[in-house]
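data-v7.cif (mmCIF, C-alpha atoms and all ligand atoms) appears below.
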```cif
data_target
#
loop_
_atom_site.label_atom_id
_atom_site.label_comp_id
_atom_site.auth_asym_id
_atom_site.auth_seq_id
_atom_site.Cartn_x
_atom_site.Cartn_y
_atom_site.Cartn_z
CA MET A 207 71.31 83.80 100.38
CA ILE A 208 72.78 84.19 96.91
CA VAL A 209 73.83 87.56 95.53
CA PRO A 210 72.55 87.95 91.92
CA GLU A 211 75.39 87.63 89.42
CA ASP A 212 74.82 91.05 87.92
CA THR A 213 75.66 92.75 91.21
CA VAL A 214 78.89 94.57 90.41
CA SER A 215 78.39 98.01 91.96
CA LEU A 216 76.74 99.59 94.98
CA ALA A 217 73.89 100.80 92.76
CA ASP A 218 73.17 97.18 91.83
CA TYR A 219 72.75 96.31 95.51
CA GLU A 220 70.30 99.20 95.87
CA ARG A 221 68.30 98.05 92.83
CA HIS A 222 68.03 94.48 94.10
CA PHE A 223 67.20 95.69 97.62
CA ARG A 224 64.36 97.90 96.38
CA ALA A 225 62.96 95.02 94.32
CA ARG A 226 62.98 92.60 97.27
CA ALA A 227 62.27 94.56 100.45
CA ALA A 228 58.77 95.00 101.84
CA PRO A 229 57.48 98.50 100.95
CA GLY A 230 57.55 99.71 104.56
CA VAL A 231 61.13 98.54 105.11
CA ALA A 232 62.26 100.00 101.77
CA GLY A 233 60.57 103.28 102.76
CA TYR A 234 62.42 103.36 106.09
CA VAL A 235 65.83 102.45 104.68
CA THR A 236 65.85 104.49 101.48
CA GLY A 237 63.36 107.24 102.37
CA PRO A 238 64.76 110.75 102.67
CA ALA A 239 63.37 113.72 104.57
CA ALA A 240 60.49 115.61 102.92
CA ASP A 241 61.11 115.98 99.16
CA GLY A 242 64.51 114.28 99.06
CA LEU A 243 66.34 117.38 97.81
CA THR A 244 69.31 116.94 100.14
CA GLN A 245 69.55 113.21 99.54
CA ARG A 246 69.68 113.80 95.78
CA ALA A 247 72.07 116.73 96.25
CA ASN A 248 74.53 114.44 98.07
CA ARG A 249 74.85 112.41 94.89
CA ALA A 250 74.52 115.22 92.35
CA ALA A 251 77.33 117.20 93.97
CA PHE A 252 79.74 114.24 93.67
CA ASP A 253 78.66 113.68 90.07
CA ARG A 254 79.39 117.31 89.13
CA LEU A 255 83.06 116.99 90.16
CA ARG A 256 85.52 115.72 87.57
CA LEU A 257 88.92 114.14 88.16
CA MET A 258 92.18 115.25 86.54
CA PRO A 259 94.73 112.43 86.29
CA ARG A 260 98.52 112.42 86.25
CA SER A 261 100.07 109.90 83.88
CA LEU A 262 103.19 107.71 84.17
CA VAL A 263 103.40 108.15 87.93
CA ASP A 264 105.62 105.70 89.85
CA MET A 265 102.97 103.61 91.63
CA ARG A 266 105.36 101.15 93.29
CA GLY A 267 104.42 100.59 96.92
CA ALA A 268 100.99 102.16 96.45
CA SER A 269 98.64 101.86 99.41
CA ALA A 270 95.27 103.20 100.55
CA ALA A 271 96.11 102.62 104.22
CA LEU A 272 95.88 105.22 106.96
CA SER A 273 96.05 105.62 110.70
CA LEU A 274 93.20 107.34 112.53
CA PHE A 275 93.24 107.92 116.31
CA GLY A 276 96.12 105.46 116.52
CA GLN A 277 94.15 102.78 114.70
CA ASP A 278 95.56 101.35 111.47
CA MET A 279 93.04 100.95 108.65
CA PRO A 280 93.70 99.46 105.22
CA TYR A 281 91.23 101.84 103.53
CA PRO A 282 89.68 105.20 104.42
CA ILE A 283 86.24 103.56 104.50
CA LEU A 284 84.05 102.94 107.56
CA ILE A 285 80.56 101.58 108.11
CA ALA A 286 78.24 104.42 109.17
CA PRO A 287 75.92 103.85 112.13
CA THR A 288 72.48 102.73 110.98
CA ALA A 289 69.65 101.51 113.18
CA TYR A 290 67.95 98.10 113.25
CA HIS A 291 69.93 95.78 110.96
CA ARG A 292 67.51 92.96 111.86
CA LEU A 293 64.89 94.78 109.81
CA VAL A 294 66.65 93.69 106.63
CA HIS A 295 68.33 90.42 107.68
CA ALA A 296 67.61 87.86 110.40
CA GLN A 297 71.19 87.95 111.72
CA GLY A 298 71.20 91.72 111.80
CA GLU A 299 74.35 93.40 113.13
CA ARG A 300 75.97 89.99 113.72
CA ALA A 301 76.25 89.57 109.94
CA THR A 302 77.43 93.14 109.41
CA VAL A 303 80.17 92.93 112.01
CA GLU A 304 81.47 89.69 110.51
CA ALA A 305 81.73 91.41 107.12
CA ALA A 306 83.49 94.33 108.83
CA ARG A 307 85.99 91.93 110.38
CA LEU A 308 86.66 90.06 107.13
CA THR A 309 87.21 93.25 105.11
CA ARG A 310 88.98 95.05 108.00
CA THR A 311 86.47 97.88 107.81
CA PRO A 312 85.87 99.80 111.05
CA MET A 313 82.18 99.71 111.97
CA VAL A 314 80.34 102.45 113.84
CA VAL A 315 77.62 100.61 115.75
CA SER A 316 74.37 102.55 116.24
CA GLN A 317 72.90 103.11 119.67
CA GLN A 318 69.71 101.98 117.96
CA ALA A 319 71.19 98.66 116.87
CA SER A 320 68.80 95.73 117.02
CA LEU A 321 71.36 93.66 118.97
CA SER A 322 73.04 94.84 122.15
CA LEU A 323 76.39 96.57 121.80
CA GLU A 324 77.94 93.67 123.77
CA GLU A 325 76.49 91.07 121.37
CA VAL A 326 77.87 92.96 118.38
CA ALA A 327 81.32 93.14 119.99
CA ALA A 328 81.36 89.56 121.35
CA PRO A 329 82.87 87.73 118.35
CA GLY A 330 85.90 90.07 118.49
CA GLY A 331 88.35 90.87 115.73
CA ALA A 332 86.54 93.91 114.30
CA CYS A 333 87.43 97.55 114.94
CA LEU A 334 84.29 99.03 116.49
CA TRP A 335 83.23 102.57 117.35
CA PHE A 336 80.00 103.36 119.19
CA GLN A 337 77.47 105.99 118.07
CA LEU A 338 75.18 107.58 120.61
CA TYR A 339 72.65 110.33 120.98
CA LEU A 340 73.01 112.13 124.28
CA ARG A 341 70.22 110.96 126.56
CA PRO A 342 68.00 113.41 128.47
CA ARG A 343 69.51 111.96 131.68
CA ARG A 344 73.27 112.07 132.02
CA ASP A 345 73.41 108.87 134.08
CA GLU A 346 71.88 107.00 131.13
CA THR A 347 74.39 108.48 128.69
CA LEU A 348 77.20 107.56 131.05
CA ALA A 349 75.91 104.01 131.40
CA LEU A 350 76.07 103.60 127.61
CA VAL A 351 79.59 105.05 127.49
CA ARG A 352 80.83 102.70 130.22
CA ARG A 353 79.26 99.71 128.48
CA ALA A 354 80.93 100.70 125.19
CA GLU A 355 84.31 101.11 126.93
CA ALA A 356 83.96 97.75 128.69
CA ALA A 357 83.02 95.99 125.44
CA GLY A 358 86.15 97.29 123.70
CA TYR A 359 84.75 100.03 121.48
CA ARG A 360 87.56 102.32 120.38
CA ALA A 361 85.84 105.67 119.74
CA LEU A 362 82.58 107.43 120.52
CA VAL A 363 80.54 109.20 117.85
CA VAL A 364 77.90 111.59 119.18
CA THR A 365 75.23 112.39 116.61
CA VAL A 366 74.12 116.01 116.94
CA ASP A 367 71.98 116.61 113.85
CA ALA A 368 68.77 114.90 114.93
CA PRO A 369 67.39 116.35 118.19
CA VAL A 370 63.97 115.68 116.64
CA THR A 371 63.00 113.33 113.83
CA GLY A 372 62.80 114.94 110.40
CA ILE A 373 59.74 115.11 108.15
CA ARG A 374 59.86 111.60 106.77
CA ASN A 375 57.11 111.59 104.17
CA VAL A 376 58.32 108.65 102.05
CA GLU A 377 58.45 106.43 105.13
CA GLN A 378 55.02 107.71 106.25
CA ARG A 379 53.44 107.02 102.86
CA ALA A 380 54.89 103.52 102.88
CA GLY A 381 53.21 102.96 106.27
CA PHE A 382 56.39 101.86 108.03
CA VAL A 383 56.08 100.50 111.55
CA LEU A 384 58.80 98.66 113.45
CA PRO A 385 57.92 94.95 113.63
CA PRO A 386 57.61 93.53 117.17
CA HIS A 387 60.82 91.46 116.97
CA VAL A 388 63.01 94.50 116.21
CA SER A 389 63.78 97.15 118.82
CA ALA A 390 66.50 99.43 120.16
CA VAL A 391 67.67 96.90 122.75
CA ASN A 392 70.56 99.03 124.02
CA MET A 393 68.05 101.41 125.55
CA ALA A 394 65.65 98.75 126.81
CA ASP A 395 66.08 99.74 130.48
CA MET A 396 66.09 103.45 129.94
CA ILE A 397 63.37 105.85 130.87
CA ALA A 398 61.41 107.21 127.93
CA THR A 399 61.31 110.98 127.54
CA GLU A 400 58.48 112.47 129.61
CA PRO A 401 55.26 112.27 127.61
CA VAL A 402 54.01 115.61 126.38
CA THR A 403 50.83 116.72 128.06
CA GLY A 404 48.67 119.81 127.93
CA ALA A 405 48.65 122.57 125.37
CA GLY A 406 51.54 123.74 123.22
CA SER A 407 53.83 122.38 120.55
CA PRO A 408 54.88 118.76 121.00
CA VAL A 409 58.10 119.59 119.15
CA PHE A 410 59.16 122.66 121.14
CA ARG A 411 57.70 121.65 124.49
CA GLY A 412 58.43 117.98 124.13
CA MET A 413 61.68 116.50 122.87
CA LEU A 414 63.57 119.76 122.48
CA ASP A 415 63.34 120.48 126.19
CA HIS A 416 65.58 117.45 126.65
CA ALA A 417 67.85 117.94 123.65
CA ALA A 418 71.64 118.01 124.06
CA ARG A 419 73.51 121.34 124.26
CA TRP A 420 77.18 122.33 124.00
CA GLU A 421 77.56 122.09 127.78
CA ASP A 422 76.65 118.40 127.51
CA ILE A 423 79.49 117.85 125.02
CA ALA A 424 81.90 119.58 127.41
CA TRP A 425 80.63 117.29 130.18
CA LEU A 426 80.97 114.14 128.07
CA ARG A 427 84.53 115.10 127.12
CA GLU A 428 85.39 114.93 130.81
CA GLN A 429 83.87 111.47 131.25
CA THR A 430 85.90 109.34 128.84
CA ARG A 431 89.36 108.93 127.38
CA LEU A 432 88.03 107.43 124.16
CA PRO A 433 88.39 109.57 121.04
CA LEU A 434 85.20 111.63 120.74
CA LEU A 435 83.72 112.64 117.38
CA LEU A 436 80.67 114.77 116.60
CA LYS A 437 78.53 113.52 113.72
CA GLY A 438 76.22 115.76 111.73
CA ILE A 439 78.31 118.92 111.54
CA LEU A 440 77.82 121.16 108.46
CA ASN A 441 78.67 124.60 109.85
CA PRO A 442 82.35 125.63 110.29
CA ASP A 443 81.40 127.54 113.45
CA ASP A 444 80.12 124.31 115.02
CA ALA A 445 83.28 122.46 113.95
CA ASP A 446 85.37 125.19 115.56
CA GLU A 447 83.36 125.15 118.78
CA ALA A 448 83.61 121.36 119.01
CA VAL A 449 87.39 121.35 118.63
CA GLY A 450 87.59 124.08 121.27
CA LEU A 451 85.84 121.71 123.67
CA GLY A 452 88.38 118.96 123.04
CA VAL A 453 86.45 116.92 120.47
CA ASP A 454 88.86 114.65 118.54
CA GLY A 455 87.15 114.43 115.16
CA ILE A 456 84.39 115.97 113.04
CA LEU A 457 82.04 113.94 110.89
CA VAL A 458 80.53 116.12 108.17
CA SER A 459 77.09 114.64 107.62
CA ASN A 460 73.50 115.54 106.81
CA HIS A 461 72.30 112.13 108.05
CA GLY A 462 72.06 110.89 104.47
CA GLY A 463 69.41 113.55 103.75
CA ARG A 464 67.07 112.06 106.37
CA THR A 465 66.75 114.98 108.80
CA LEU A 466 66.28 118.52 107.42
CA ASP A 467 65.57 118.67 103.71
CA THR A 468 67.38 121.36 101.67
CA LEU A 469 70.57 121.14 103.76
CA PRO A 470 73.66 121.32 101.53
CA ALA A 471 75.31 118.23 100.13
CA THR A 472 78.07 117.10 102.46
CA ILE A 473 80.76 117.38 99.77
CA GLU A 474 79.66 121.03 99.32
CA ALA A 475 79.91 121.73 103.07
CA LEU A 476 83.26 119.97 103.51
CA PRO A 477 85.75 122.54 102.08
CA ALA A 478 84.76 125.37 104.45
CA ILE A 479 85.04 123.05 107.46
CA ALA A 480 88.41 121.69 106.36
CA ARG A 481 89.65 125.27 105.81
CA ARG A 482 88.47 126.37 109.25
CA LEU A 483 89.98 123.42 111.10
CA ARG A 484 93.32 123.52 109.24
CA GLY A 485 94.14 119.94 110.16
CA ARG A 486 93.62 120.39 113.93
CA VAL A 487 91.50 117.21 114.02
CA PRO A 488 90.58 114.65 111.35
CA VAL A 489 87.47 115.44 109.32
CA LEU A 490 85.35 112.52 108.09
CA LEU A 491 82.39 112.65 105.70
CA ASP A 492 79.32 110.61 104.84
CA GLY A 493 76.35 111.03 102.55
CA GLY A 494 76.05 109.66 99.02
CA ILE A 495 79.36 107.77 98.84
CA ARG A 496 78.67 105.11 96.19
CA ARG A 497 81.89 104.91 94.15
CA GLY A 498 85.63 104.81 94.71
CA THR A 499 85.83 108.07 92.78
CA ASP A 500 83.54 109.70 95.38
CA ILE A 501 86.12 108.80 98.03
CA VAL A 502 88.93 110.40 96.00
CA LYS A 503 86.81 113.58 95.69
CA ALA A 504 86.06 113.67 99.42
CA LEU A 505 89.75 113.22 100.29
CA ALA A 506 90.70 115.89 97.76
CA LEU A 507 88.47 118.40 99.55
CA GLY A 508 89.77 117.67 103.03
CA ALA A 509 88.25 114.44 104.39
CA ARG A 510 90.56 111.84 105.96
CA ALA A 511 88.02 109.03 105.55
CA VAL A 512 84.40 108.39 104.55
CA LEU A 513 81.50 106.30 105.83
CA VAL A 514 78.76 104.43 103.97
CA GLY A 515 75.26 104.05 105.39
CA GLN A 516 72.50 102.92 103.07
CA PRO A 517 74.72 100.66 100.90
CA VAL A 518 75.42 98.49 103.96
CA LEU A 519 71.71 97.90 104.52
CA HIS A 520 71.08 97.27 100.82
CA ALA A 521 73.86 94.66 100.71
CA LEU A 522 72.81 93.11 104.04
CA GLY A 523 69.25 92.77 102.79
CA VAL A 524 70.30 91.26 99.47
CA GLY A 525 73.16 89.00 100.53
CA GLY A 526 73.59 88.95 104.32
CA MET A 527 77.19 88.84 105.53
CA VAL A 528 78.48 87.87 102.08
CA GLY A 529 76.63 90.80 100.53
CA VAL A 530 78.12 93.36 102.92
CA ALA A 531 81.64 91.94 102.54
CA HIS A 532 81.25 91.93 98.75
CA MET A 533 79.90 95.49 98.70
CA LEU A 534 82.82 96.76 100.82
CA THR A 535 85.31 94.91 98.62
CA ILE A 536 83.81 96.54 95.54
CA LEU A 537 84.28 99.97 97.11
CA GLN A 538 87.86 99.18 98.20
CA THR A 539 88.76 97.98 94.71
CA GLU A 540 87.13 100.99 93.07
CA LEU A 541 89.18 103.29 95.30
CA GLU A 542 92.41 101.50 94.36
CA VAL A 543 91.53 101.71 90.66
CA ALA A 544 90.73 105.42 90.99
CA MET A 545 94.07 106.02 92.76
CA ALA A 546 95.90 104.08 90.07
CA LEU A 547 94.18 105.89 87.20
CA THR A 548 94.65 109.35 88.71
CA GLY A 549 98.29 108.57 89.53
CA ARG A 550 97.98 108.99 93.30
CA PRO A 551 99.97 106.20 95.02
CA ARG A 552 99.01 107.22 98.58
CA LEU A 553 96.12 108.96 100.28
CA ALA A 554 98.43 111.86 101.13
CA ASP A 555 98.91 112.42 97.37
CA ILE A 556 95.20 113.11 96.94
CA ASP A 557 94.74 116.87 97.13
CA GLU A 558 92.77 119.50 95.21
CA THR A 559 94.99 119.06 92.15
CA VAL A 560 93.16 115.78 91.46
CA LEU A 561 89.98 117.80 90.75
CA PHE A 562 89.46 119.23 87.29
CA ALA A 563 88.95 122.98 87.61
CA THR A 564 86.78 124.37 84.82
C1 LIG A 601 68.15 103.35 107.70
C2 LIG A 601 69.13 104.32 108.30
C3 LIG A 601 69.25 104.39 109.67
C4 LIG A 601 70.15 105.30 110.24
N1 LIG A 601 70.33 105.29 111.60
C5 LIG A 601 71.24 106.13 112.16
C6 LIG A 601 71.51 106.08 113.55
O1 LIG A 601 70.95 105.27 114.30
N2 LIG A 601 72.42 106.97 114.04
C7 LIG A 601 73.08 107.87 113.25
O2 LIG A 601 73.90 108.65 113.74
N3 LIG A 601 72.87 107.90 111.92
C8 LIG A 601 71.98 107.07 111.36
N4 LIG A 601 71.79 107.08 110.00
C9 LIG A 601 72.61 108.00 109.15
C10 LIG A 601 73.92 107.34 108.72
O3 LIG A 601 74.80 107.17 109.81
C11 LIG A 601 74.67 108.17 107.67
O4 LIG A 601 74.83 109.49 108.15
C12 LIG A 601 74.01 108.20 106.31
O5 LIG A 601 73.33 107.01 106.03
C13 LIG A 601 75.09 108.45 105.25
O6 LIG A 601 74.55 108.58 103.98
P1 LIG A 601 74.45 107.36 102.93
O7 LIG A 601 73.34 106.49 103.43
O8 LIG A 601 74.12 108.06 101.65
O9 LIG A 601 75.77 106.63 102.90
C14 LIG A 601 70.90 106.17 109.41
C15 LIG A 601 70.77 106.07 108.02
C16 LIG A 601 69.90 105.15 107.45
C17 LIG A 601 69.82 105.05 105.95
#
```
What do you get writing this file as structure tokens?
Amino acid sequence: MIVPEDTVSLADYERHFRARAAPGVAGYVTGPAADGLTQRANRAAFDRLRLMPRSLVDMRGASAALSLFGQDMPYPILIAPTAYHRLVHAQGERATVEAARLTRTPMVVSQQASLSLEEVAAPGGACLWFQLYLRPRRDETLALVRRAEAAGYRALVVTVDAPVTGIRNVEQRAGFVLPPHVSAVNMADMIATEPVTGAGSPVFRGMLDHAARWEDIAWLREQTRLPLLLKGILNPDDADEAVGLGVDGILVSNHGGRTLDTLPATIEALPAIARRLRGRVPVLLDGGIRRGTDIVKALALGARAVLVGQPVLHALGVGGMVGVAHMLTILQTELEVAMALTGRPRLADIDETVLFAT
């Protein structure tokens, strides 16, 4: 698979992906919830922020490295959990994890990966975290946690913003259905949620009866020594409650605008959460990160690191392992250039003074 020569930014990967992918697959990968207001807001809010540089700064020994939960990372960039990589490339997560290893990018593997969590971890050498949704039955959740621990995953990310699927009109219009060769193999042996029967709302009487609650987070905290993060937090009260229960990290996310439309952009929600937590646990952010300058802005407003979701699937679809590695390298280089041109030699030097206040 050859990456077109004019692919020099993450937007180029998206353009080539949209041109090549089958309409249903493109609708699933790029489609937002409802009218796409939150997905567009994620980008627009980054674009509205301007950077204010310092000149003639001593940049000797500059570095974008950090340590998170005792793990050293060369850049504050991680791969967000996204389902079904085999939808866009035959090798699926196997290709993504190889790119993660080569670029030393931690990868959060989705519970809905199209290869088993053991297969993704088998080659070794990559820093892996595991993302899960709490299952209706605790023994099933625990089984996933034990498998992730045994396979060497180094953190657990519990996604809390999608107890039901959002209104996914773009995907519906594109007629997306999962092809027979792609499935959520990690849950192959698990019992499906009880089918909804009789009268009443399938949303309220169905899935929500089984949805996770705070007491389930408190329970999970007791079950594992792995660092535990909650993904999909936008409200400072939720961030506070999570930390009170012993959660180790907060991932500010609106699921890339795929769940509830008209939620705020993540970069808009971040400052209040960072203020409330006052550094008690690391805050991470995803949603609309497409440039190195976006990363500088997120760090300036209180994030320790960021994750990218859609760009990984675009690059995987366009160029397989090489595409993902190239895409991540572009982002790493853009971050270094942005640090150099704003005069910020280290991540710790990136604070609100790097933002231009009008
Ligand atoms: C196709 C697709 C599948 C996703 N699957 C999951 C998933 O299985 N679990 C999860 O927590 N988030 C999932 N997400 C959300 C991402 O983890 C992340 O929050 C989002 O993509 C970040 O925004 P960005 O795509 O603008 O970078 C998915 C996103 C996309 C685009």
Just the residues within 10 Å of A:Asp278, please, counting all atoms listed in the file, with nothing from its chain fewer than 5 positions along; format it as number ranges by chain. A: 271-273, 310, 312, 333
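Here the question is which of A:Glu346, A:Asp500, A:Glu421, A:Glu325 gets nearest to ligand LIG 601 (chain A) using all atoms listed in the file, and that residue is A:Asp500.
Every residue having at least one atom no farther than 7 Å from ligand LIG 601 (chain A) is included below, with all atoms listed in the file taken into account: Tyr234, Val235, Thr236, Ala286, Pro287, Thr288, Ala289, Ser316, Gln317, Gln318, Gln337, Thr365, Lys437, Ser459, Asn460, His461, Gly462, Asp492, Gly493, Gly494, Ile495, Leu513, Val514, Gly515, Gln516 and Pro517 of chain A.
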Hey, can you check how far atom CA of A:Gln538 sits from atom CA of A:Ile283?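 Computing the Euclidean distance for atom CA of A:Gln538 and atom CA of A:Ile283 yields 7.8 Å.
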Between atom CA of A:Gln245 and atom CA of A:Glu377 - distance in Å to one decimal: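 So the answer is 14.2 Å.
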Atomic separation - atom CA of A:Arg427 relative to atom CA of A:Leu323, Å: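 Interatomic distance here is 20.9 Å.
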Six-sided padding of 3 Å per side, axis-aligned box over stretch 527-531 of chain A, centre and edges in Å, one decimal, as JSON:
```
{"center_x": 79.1, "center_y": 90.6, "center_z": 103.0, "size_x": 11.0, "size_y": 11.5, "size_z": 11.0}
```
For A:Ala328, which residue out of A:Ala354, A:Thr244, A:Ile501, A:Pro369 is the nearest one, using all atoms listed in the file?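 Nearest to A:Ala328: A:Ala354.
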